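The file structure_20.txt contains compact mmCIF, C-alpha atoms:
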# COMPACT_ATOMS: atom_id res chain seq x y z
CA MET A 1 18.66 30.53 -14.67
CA THR A 2 18.30 33.77 -16.56
CA GLN A 3 16.38 36.60 -14.98
CA ASN A 4 14.25 39.26 -16.61
CA GLY A 5 12.24 41.39 -14.18
CA THR A 6 10.00 38.98 -12.33
CA THR A 7 10.20 36.29 -14.99
CA ARG A 8 13.04 33.78 -15.14
CA THR A 9 13.92 30.79 -17.26
CA ALA A 10 14.23 27.55 -15.37
CA THR A 11 15.46 24.12 -16.42
CA ILE A 12 13.03 21.33 -15.60
CA ARG A 13 14.35 17.79 -15.83
CA VAL A 14 11.51 15.33 -16.24
CA GLN A 15 11.81 11.57 -16.08
CA ARG A 16 10.42 10.07 -19.26
CA PHE A 17 9.54 6.44 -19.82
CA ASN A 18 7.39 4.79 -22.42
CA PRO A 19 7.28 1.05 -21.70
CA ASP A 20 6.44 0.29 -25.36
CA VAL A 21 9.63 1.94 -26.62
CA ASP A 22 12.15 2.58 -23.81
CA ALA A 23 14.28 0.02 -22.02
CA LYS A 24 14.69 2.23 -18.97
CA PRO A 25 13.63 5.69 -17.75
CA THR A 26 15.67 8.73 -18.84
CA LEU A 27 15.75 12.39 -17.79
CA ARG A 28 14.86 14.98 -20.41
CA GLU A 29 15.45 18.72 -19.98
CA TYR A 30 12.97 21.48 -20.78
CA GLN A 31 13.26 25.26 -20.43
CA VAL A 32 10.24 27.10 -19.01
CA GLN A 33 9.51 30.67 -17.99
CA VAL A 34 8.90 31.08 -14.26
CA SER A 35 6.89 33.90 -12.73
CA PRO A 36 6.48 34.26 -8.94
CA ASP A 37 3.21 32.32 -8.93
CA THR A 38 4.21 29.46 -11.25
CA THR A 39 3.65 26.05 -9.69
CA VAL A 40 5.44 22.84 -10.61
CA LEU A 41 2.23 21.68 -12.28
CA ASP A 42 2.12 24.91 -14.32
CA ALA A 43 5.60 24.08 -15.58
CA LEU A 44 4.49 20.59 -16.62
CA GLU A 45 1.39 22.04 -18.32
CA THR A 46 3.59 24.52 -20.22
CA ILE A 47 5.94 21.75 -21.34
CA LYS A 48 3.03 19.60 -22.50
CA ALA A 49 1.28 22.47 -24.29
CA THR A 50 4.26 24.06 -25.99
CA GLN A 51 7.17 21.64 -26.16
CA ASP A 52 6.22 17.98 -25.89
CA GLY A 53 2.60 16.86 -26.12
CA SER A 54 3.55 13.28 -25.32
CA LEU A 55 4.49 14.11 -21.71
CA THR A 56 2.11 12.13 -19.51
CA TYR A 57 1.08 12.90 -15.92
CA ARG A 58 -1.99 12.85 -13.69
CA ARG A 59 -3.68 15.98 -12.44
CA SER A 60 -7.22 17.00 -11.75
CA CYS A 61 -8.45 19.56 -9.21
CA ARG A 62 -5.38 21.86 -8.98
CA HIS A 63 -6.43 22.68 -5.39
CA ALA A 64 -4.46 20.04 -3.46
CA ILE A 65 -7.57 18.06 -2.61
CA CYS A 66 -7.95 15.30 -5.23
CA GLY A 67 -4.54 13.71 -4.63
CA SER A 68 -3.93 12.98 -8.32
CA CYS A 69 -0.74 14.94 -8.88
CA ALA A 70 1.60 13.50 -6.22
CA MET A 71 5.08 13.24 -7.73
CA ASN A 72 8.68 13.18 -6.63
CA VAL A 73 10.31 16.60 -6.96
CA ASN A 74 14.03 16.80 -6.20
CA GLY A 75 13.83 13.50 -4.33
CA LYS A 76 10.87 14.42 -2.13
CA ASN A 77 7.24 13.41 -2.68
CA THR A 78 4.82 16.29 -2.94
CA LEU A 79 1.69 17.53 -4.69
CA VAL A 80 2.84 19.50 -7.73
CA CYS A 81 -0.35 21.55 -8.08
CA ASN A 82 0.30 23.73 -5.03
CA LYS A 83 4.09 23.58 -4.92
CA PRO A 84 5.63 26.88 -6.08
CA LEU A 85 8.30 26.16 -8.67
CA ARG A 86 10.67 28.73 -7.16
CA GLU A 87 10.75 26.76 -3.92
CA VAL A 88 12.18 23.71 -5.64
CA LEU A 89 14.68 25.33 -8.01
CA ASP A 90 18.33 25.03 -7.04
CA ARG A 91 20.85 27.87 -7.39
CA LYS A 92 21.28 27.12 -11.08
CA GLY A 93 17.50 27.24 -11.59
CA ARG A 94 17.02 23.49 -12.04
CA ALA A 95 14.45 21.07 -10.69
CA THR A 96 13.99 17.34 -11.27
CA ILE A 97 10.57 15.72 -11.46
CA ARG A 98 10.17 11.97 -11.23
CA PRO A 99 7.15 9.69 -10.69
CA LEU A 100 6.36 8.43 -7.18
CA PRO A 101 9.11 5.96 -6.25
CA TYR A 102 8.70 2.21 -5.53
CA LEU A 103 5.57 1.92 -7.70
CA PRO A 104 5.41 0.46 -11.24
CA ILE A 105 5.55 3.18 -13.89
CA ILE A 106 2.76 3.14 -16.47
CA LYS A 107 4.17 6.03 -18.50
CA ASP A 108 6.37 9.06 -17.72
CA LEU A 109 5.05 10.45 -14.38
CA VAL A 110 2.06 8.12 -14.09
CA VAL A 111 2.40 5.17 -11.71
CA ASP A 112 0.24 2.10 -11.16
CA ARG A 113 -1.51 2.57 -7.78
CA SER A 114 -3.34 -0.78 -7.74
CA GLN A 115 -1.27 -2.06 -4.83
CA PHE A 116 -1.95 1.16 -2.90
CA TRP A 117 -5.73 0.75 -3.29
CA GLU A 118 -5.65 -2.98 -2.57
CA GLN A 119 -3.99 -2.34 0.78
CA TYR A 120 -6.44 0.46 1.48
CA LEU A 121 -9.44 -1.83 0.93
CA ARG A 122 -7.83 -4.49 3.09
CA VAL A 123 -8.42 -2.41 6.24
CA LYS A 124 -12.15 -1.89 5.47
CA PRO A 125 -11.80 1.91 5.50
CA TRP A 126 -15.52 2.48 5.95
CA LEU A 127 -17.33 3.01 9.26
CA ILE A 128 -18.98 -0.11 10.71
CA PRO A 129 -21.83 1.27 12.85
CA PRO A 130 -23.38 -0.55 15.83
CA ALA A 131 -26.49 -2.68 15.23
CA ASP A 132 -28.80 -0.21 16.97
CA VAL A 133 -28.14 3.03 15.11
CA PRO A 134 -29.85 5.93 16.95
CA GLU A 135 -32.57 7.85 15.14
CA ALA A 136 -30.81 11.13 15.94
CA GLU A 137 -27.12 11.66 15.29
CA PHE A 138 -24.25 10.05 17.16
CA ARG A 139 -22.83 12.44 19.75
CA MET A 140 -19.03 12.53 20.03
CA THR A 141 -17.20 14.67 22.55
CA PRO A 142 -14.75 17.37 21.34
CA ALA A 143 -11.97 15.35 22.95
CA GLU A 144 -12.92 12.27 20.91
CA VAL A 145 -12.90 14.31 17.72
CA ALA A 146 -9.58 15.92 18.61
CA ALA A 147 -8.06 12.48 19.25
CA LEU A 148 -8.53 11.60 15.59
CA ARG A 149 -5.62 13.97 14.88
CA ASP A 150 -7.12 15.31 11.65
CA ALA A 151 -6.73 11.84 10.13
CA GLU A 152 -9.86 12.41 8.05
CA LYS A 153 -7.97 15.09 6.09
CA CYS A 154 -6.00 12.44 4.19
CA ILE A 155 -6.56 12.91 0.44
CA MET A 156 -5.14 9.50 -0.58
CA CYS A 157 -2.45 10.96 -2.81
CA GLY A 158 0.02 8.14 -2.18
CA ALA A 159 2.92 10.42 -1.22
CA CYS A 160 3.39 8.65 2.13
CA TYR A 161 2.94 5.16 0.71
CA SER A 162 5.54 5.58 -2.01
CA SER A 163 8.07 7.21 0.34
CA CYS A 164 7.99 4.22 2.70
CA GLN A 165 11.01 1.93 2.46
CA VAL A 166 9.08 -0.86 4.18
CA VAL A 167 6.62 -0.80 1.27
CA ALA A 168 9.60 -0.92 -1.10
CA LEU A 169 11.00 -3.99 0.68
CA ARG A 170 7.70 -5.77 1.28
CA GLN A 171 4.65 -5.14 -0.87
CA ALA A 172 2.43 -7.10 1.53
CA TYR A 173 2.90 -4.35 4.15
CA VAL A 174 -0.40 -2.55 4.61
CA GLY A 175 1.21 0.91 4.35
CA PRO A 176 0.95 4.22 6.23
CA HIS A 177 -2.10 5.47 4.26
CA ALA A 178 -4.21 2.45 5.23
CA LEU A 179 -2.97 2.52 8.83
CA LEU A 180 -3.89 6.19 9.16
CA LYS A 181 -7.39 5.34 7.92
CA MET A 182 -7.47 2.38 10.31
CA TYR A 183 -6.55 4.75 13.14
CA LEU A 184 -9.44 7.00 12.14
CA ARG A 185 -11.90 4.09 12.32
CA VAL A 186 -10.49 2.42 15.45
CA LEU A 187 -10.50 5.67 17.46
CA ASP A 188 -13.97 6.64 16.22
CA PRO A 189 -16.48 5.84 19.02
CA ARG A 190 -19.17 5.20 16.38
CA ASP A 191 -17.25 2.24 14.96
CA SER A 192 -18.26 -1.13 16.37
CA ALA A 193 -15.47 -3.36 15.05
CA PRO A 194 -12.27 -2.08 16.72
CA GLU A 195 -11.20 -5.54 17.86
CA GLU A 196 -11.46 -7.11 14.39
CA ARG A 197 -9.59 -4.16 12.94
CA LEU A 198 -6.80 -4.41 15.51
CA VAL A 199 -6.49 -8.16 14.85
CA GLU A 200 -6.15 -7.43 11.12
CA ILE A 201 -3.38 -4.89 11.54
CA GLY A 202 -1.71 -6.66 14.50
CA GLY A 203 -0.41 -9.39 12.17
CA ASP A 204 2.78 -9.82 10.19
CA ASP A 205 2.23 -7.06 7.65
CA GLY A 206 0.52 -4.59 9.94
CA VAL A 207 1.63 -2.02 12.48
CA TYR A 208 4.62 -4.00 13.78
CA ARG A 209 6.19 -4.05 10.31
CA CYS A 210 6.73 -0.26 10.45
CA HIS A 211 10.40 0.57 11.07
CA THR A 212 9.69 4.14 12.25
CA ILE A 213 11.59 5.74 9.37
CA PHE A 214 9.27 8.82 9.42
CA ASN A 215 9.27 9.31 5.63
CA CYS A 216 5.47 9.24 5.69
CA ILE A 217 5.35 12.34 7.92
CA ASP A 218 7.89 14.22 5.81
CA ALA A 219 6.11 13.33 2.57
CA CYS A 220 2.52 14.13 3.59
CA PRO A 221 1.35 17.30 1.77
CA LYS A 222 -1.42 17.71 4.36
CA GLU A 223 1.05 17.60 7.26
CA LEU A 224 -0.58 14.54 8.81
CA ASN A 225 1.28 12.15 11.09
CA PRO A 226 0.87 8.48 10.11
CA THR A 227 3.75 7.42 12.39
CA ALA A 228 2.00 8.73 15.52
CA ALA A 229 -1.16 6.91 14.38
CA ILE A 230 0.82 3.70 13.94
CA GLU A 231 2.36 4.07 17.42
CA THR A 232 -1.13 4.46 18.93
CA LEU A 233 -2.43 1.44 17.01
CA ARG A 234 0.52 -0.63 18.26
CA LYS A 235 -0.40 0.14 21.85
CA LEU A 236 -4.11 -0.54 21.25
CA ALA A 237 -3.38 -3.82 19.43
CA GLN A 238 -1.74 -5.11 22.61
CA LYS A 239 -4.90 -4.53 24.67
CA ARG A 240 -7.52 -4.92 21.97
CA ALA A 241 -10.01 -6.96 24.06
CA ALA A 242 -10.12 -4.33 26.82
CA PHE A 243 -10.38 -1.59 24.21
CA ALA A 244 -13.30 -3.36 22.54
CA ARG A 245 -15.11 -3.64 25.90
CA GLU A 246 -14.62 0.09 26.51
CA ARG A 247 -15.98 0.79 23.03
CA ALA A 248 -19.08 -1.32 23.63
CA GLU A 249 -19.73 0.60 26.86
CA ARG A 250 -19.19 3.95 25.14
CA GLN A 251 -21.65 3.06 22.39
CA GLN A 252 -24.39 2.67 24.99
CA THR A 253 -24.21 6.44 25.49
CA LEU A 254 -23.52 7.53 21.90
CA ALA A 255 -27.07 8.61 21.19
CA MET A 256 -27.20 10.76 24.32
CA PRO A 257 -26.11 14.40 24.34
CA ALA A 258 -22.34 14.49 24.66
CA PRO A 259 -20.84 16.14 27.74
CA VAL A 260 -19.87 19.68 26.75
CA ALA A 261 -16.27 20.66 27.36
CA PRO A 262 -15.67 23.94 29.24
CA GLY A 263 -15.57 26.84 26.78
CA ALA A 264 -17.06 24.76 23.96
CA GLU A 265 -20.73 25.62 24.58
CA MET A 266 -22.77 26.18 21.45
CA PRO A 267 -24.13 29.72 20.92
CA ALA A 268 -27.79 29.90 21.99
CA ASP A 269 -29.01 30.89 18.51
CA ILE A 270 -27.79 27.71 16.80
CA GLU A 271 -28.54 25.27 19.60
CA GLY A 272 -31.28 22.82 18.69
CA MET B 1 15.76 5.75 -3.60
CA TYR B 2 13.97 7.95 -1.04
CA THR B 3 16.63 9.33 1.31
CA SER B 4 16.04 10.94 4.70
CA THR B 5 17.54 10.92 8.20
CA GLY B 6 15.02 8.20 9.06
CA PHE B 7 16.23 6.06 6.17
CA ILE B 8 19.90 6.57 7.09
CA SER B 9 19.22 5.49 10.68
CA PHE B 10 17.24 2.49 9.43
CA LEU B 11 20.03 1.49 7.02
CA PHE B 12 22.79 1.79 9.64
CA ARG B 13 20.67 -0.06 12.20
CA ARG B 14 20.20 -2.94 9.77
CA ILE B 15 23.87 -3.05 8.76
CA SER B 16 25.09 -2.89 12.37
CA GLY B 17 22.59 -5.59 13.38
CA VAL B 18 23.79 -7.99 10.68
CA ALA B 19 27.42 -7.16 11.54
CA LEU B 20 26.80 -8.00 15.20
CA VAL B 21 25.26 -11.37 14.31
CA LEU B 22 28.28 -12.16 12.11
CA TYR B 23 30.59 -11.11 14.94
CA LEU B 24 28.75 -13.47 17.30
CA PHE B 25 29.74 -16.46 15.15
CA THR B 26 33.41 -15.33 15.07
CA HIS B 27 33.29 -14.82 18.82
CA MET B 28 31.92 -18.35 19.36
CA TRP B 29 34.60 -19.74 17.04
CA VAL B 30 37.34 -18.18 19.19
CA ILE B 31 35.79 -18.86 22.61
CA GLY B 32 34.66 -22.37 21.63
CA SER B 33 38.29 -23.43 21.15
CA VAL B 34 38.69 -23.44 24.94
CA ASN B 35 37.08 -26.89 24.90
CA ALA B 36 40.18 -28.18 23.08
CA GLY B 37 42.51 -26.98 25.85
CA PRO B 38 44.49 -23.83 26.76
CA GLU B 39 47.04 -24.24 23.95
CA ALA B 40 44.34 -24.40 21.28
CA PHE B 41 42.63 -21.38 22.81
CA ASP B 42 45.85 -19.34 22.90
CA ALA B 43 46.65 -20.31 19.31
CA ARG B 44 43.23 -19.23 18.06
CA LEU B 45 43.30 -16.03 20.11
CA ALA B 46 46.67 -15.17 18.58
CA LEU B 47 45.05 -15.27 15.15
CA VAL B 48 42.88 -12.29 16.05
CA GLN B 49 45.61 -10.22 17.73
CA THR B 50 46.70 -8.54 14.51
CA PRO B 51 46.42 -4.81 13.59
CA PHE B 52 43.68 -5.70 11.10
CA PHE B 53 41.55 -7.20 13.86
CA LYS B 54 42.25 -4.19 16.12
CA VAL B 55 40.68 -1.98 13.47
CA LEU B 56 37.79 -4.44 13.27
CA GLU B 57 37.42 -4.17 17.05
CA ILE B 58 36.83 -0.43 16.70
CA ALA B 59 34.29 -1.18 13.95
CA LEU B 60 32.66 -3.68 16.32
CA LEU B 61 32.48 -1.05 19.04
CA ALA B 62 30.92 1.38 16.56
CA ALA B 63 28.31 -1.21 15.56
CA VAL B 64 27.44 -2.02 19.18
CA VAL B 65 27.20 1.65 20.18
CA TYR B 66 25.15 2.62 17.11
CA HIS B 67 22.72 -0.27 17.49
CA ALA B 68 22.27 0.42 21.21
CA VAL B 69 21.87 4.20 20.99
CA ASP B 70 19.55 3.99 17.99
CA GLY B 71 17.54 1.36 19.85
CA ILE B 72 17.14 3.78 22.77
CA ARG B 73 16.02 6.48 20.32
CA LEU B 74 13.37 4.10 18.94
CA LEU B 75 12.16 3.23 22.44
CA VAL B 76 11.70 6.93 23.11
CA VAL B 77 9.72 7.25 19.87
CA HIS B 78 7.56 4.22 20.72
CA HIS B 79 6.70 5.32 24.23
CA PHE B 80 6.46 9.11 23.98
CA ASP B 81 4.73 11.38 21.49
CA VAL B 82 7.95 12.83 20.05
CA THR B 83 7.56 12.40 16.29
CA GLU B 84 7.71 16.18 15.98
CA TYR B 85 11.31 16.07 17.19
CA ARG B 86 12.33 13.16 14.95
CA LYS B 87 15.23 14.93 13.24
CA SER B 88 16.62 16.44 16.45
CA LEU B 89 16.44 13.01 18.08
CA PHE B 90 18.38 11.47 15.21
CA TYR B 91 21.11 14.13 15.33
CA ALA B 92 21.37 13.84 19.14
CA MET B 93 21.62 10.06 18.85
CA PHE B 94 24.29 10.36 16.17
CA ALA B 95 26.32 12.80 18.28
CA VAL B 96 26.21 10.40 21.26
CA PHE B 97 27.22 7.55 18.95
CA VAL B 98 30.23 9.47 17.60
CA LEU B 99 31.37 10.59 21.07
CA LEU B 100 31.09 7.12 22.61
CA THR B 101 32.83 5.49 19.63
CA ILE B 102 35.73 7.95 19.84
CA ALA B 103 35.92 7.58 23.64
CA GLY B 104 36.03 3.81 23.36
CA GLY B 105 37.93 3.49 20.08
CA LEU B 106 40.83 5.76 20.98
CA PRO B 107 42.18 3.54 23.81
CA ILE B 108 41.90 0.50 21.51
CA LEU B 109 43.85 2.33 18.81
CA LEU B 110 46.52 3.57 21.23
CA PHE B 111 46.87 0.10 22.71
CA ALA B 112 47.27 -1.37 19.21
CA LEU B 113 49.89 1.24 18.25
CA GLU B 114 51.89 0.49 21.41
CA GLY B 115 51.96 -3.12 20.19
Take the structure in this file and express it as structure tokens.
Amino acid sequence: MTQNGTTRTATIRVQRFNPDVDAKPTLREYQVQVSPDTTVLDALETIKATQDGSLTYRRSCRHAICGSCAMNVNGKNTLVCNKPLREVLDRKGRATIRPLPYLPIIKDLVVDRSQFWEQYLRVKPWLIPPADVPEAEFRMTPAEVAALRDAEKCIMCGACYSSCQVVALRQAYVGPHALLKMYLRVLDPRDSAPEERLVEIGGDDGVYRCHTIFNCIDACPKELNPTAAIETLRKLAQKRAAFARERAERQQTLAMPAPVAPGAEMPADIEG
Amino acid sequence: MYTSTGFISFLFRRISGVALVLYLFTHMWVIGSVNAGPEAFDARLALVQTPFFKVLEIALLAAVVYHAVDGIRLLVVHHFDVTEYRKSLFYAMFAVFVLLTIAGGLPILLFALEG
């Protein structure tokens, strides 16, 4: 890496593969200028704009919220749009970018995510409300919201799914992304189908297939914890009938004002 | 290949598990010869009293210790909310595995060297 003031030259090795021409993927090197605020995606954009227009990758929002640009940088899955390039350069100023592992490559850094979405739909990721939906809103307690462990922050980027060796060994496995979403729905007191959900993921390719490798936690760019969600679902799957009874009882009180936790009172000016 | 401490522990757990199943068949082959009388048993036991098998015995000990200690680590993960400490748990488990293997393997090695 050569240095000139705050700008340096870095070597970016990008995995290239065109299924119409190439027999197997190869690494190709590109030199790019790096300033302190250059992201990995900036480097790819520079390569595409100035050196090789055929380089293919997905990106959209550039704000780490759309989940399009998940890739494998130096062996670890991450979102490239908010990953500073300097963080991933080694001492010689090199970084290697590959597509998400264990998924079929369409071209260069673009992978086929069909299997990822199929497994996601398998768990019915939408909320199934009770038959008698209240006219006003459902009232959840702060503790019930906190128990969801920020699972709703998942941006479906696929970083966890394609880091999971169980997925690599068995494509029928539902995957950490779908199980995290399942956790969100099962723990949500507004959902009325926890038993059916726990039956679905209590089978052969559900929660018990996870080997607790933890790659999903390490790979998640939103710092979510699919493994902890899977552990909770395992415990609930063993007592799903009792859990479903508790849920039915809880839903009787969902339309009522939720008990307010100490210190969590709403300010008088915004109370309804 | 996506490598991590979790993957290494998973890989070793799998390998040690398969090795222990294979050992079980060898063990039954040796012990089962007792049905044919004491001479047959002694003859078969003598086949596995070579330096090569002594080294394999240490490998067997390593497989048993690894599989057991890693199993305990997984039980801790399943029953307590400790995913935050996943790497520390792996390193602690590995240290216990190395210590127990040395503590158990050294006497086997010394015994083998004494002949």
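Residues with at least one atom no more than 10 Å from (3.5, 11.2, -4.0), using all atoms listed in the file, are Gly67, Ser68, Cys69, Ala70, Met71, Asn72, Val73, Lys76, Asn77, Thr78, Leu79, Val80, Arg98, Pro99, Leu100, Pro101, Val111, Met156, Cys157, Gly158, Ala159, Cys160, Tyr161, Ser162, Ser163, Ala219, Cys220 and Pro221 of chain A.
Restricting the calculation to all atoms listed in the file, the smallest distance between chain B and any of A:Ala242, A:Glu195, A:Ile201, A:Leu103 is found for A:Leu103.
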With only C-alpha atoms as the atoms that count, which of B:Leu56, B:Leu89, B:Leu20, B:Ala46 lies nearest to chain A?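 Closest residue, counting only C-alpha atoms: B:Leu89.
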May I have the protein, DNA and RNA residues with any atom at most 9 Å from the point (-21.8, 1.4, 12.6), counting only C-alpha atoms, written as a list in words? Leu127, Ile128, Pro129, Pro130, Ala131, Asp132, Val133, Arg190, Asp191, Ser192 and Ala193 of chain A
Distance atom CA of His78 of chain B-atom CA of Thr227 of chain A, one decimal place?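 Atom CA of Thr227 of chain A lies at a distance of 9.7 Å from atom CA of His78 of chain B.
Interatomic distance, atom CA of Asp150 of chain A against atom CA of Arg247 of chain A: 20.5 Å.
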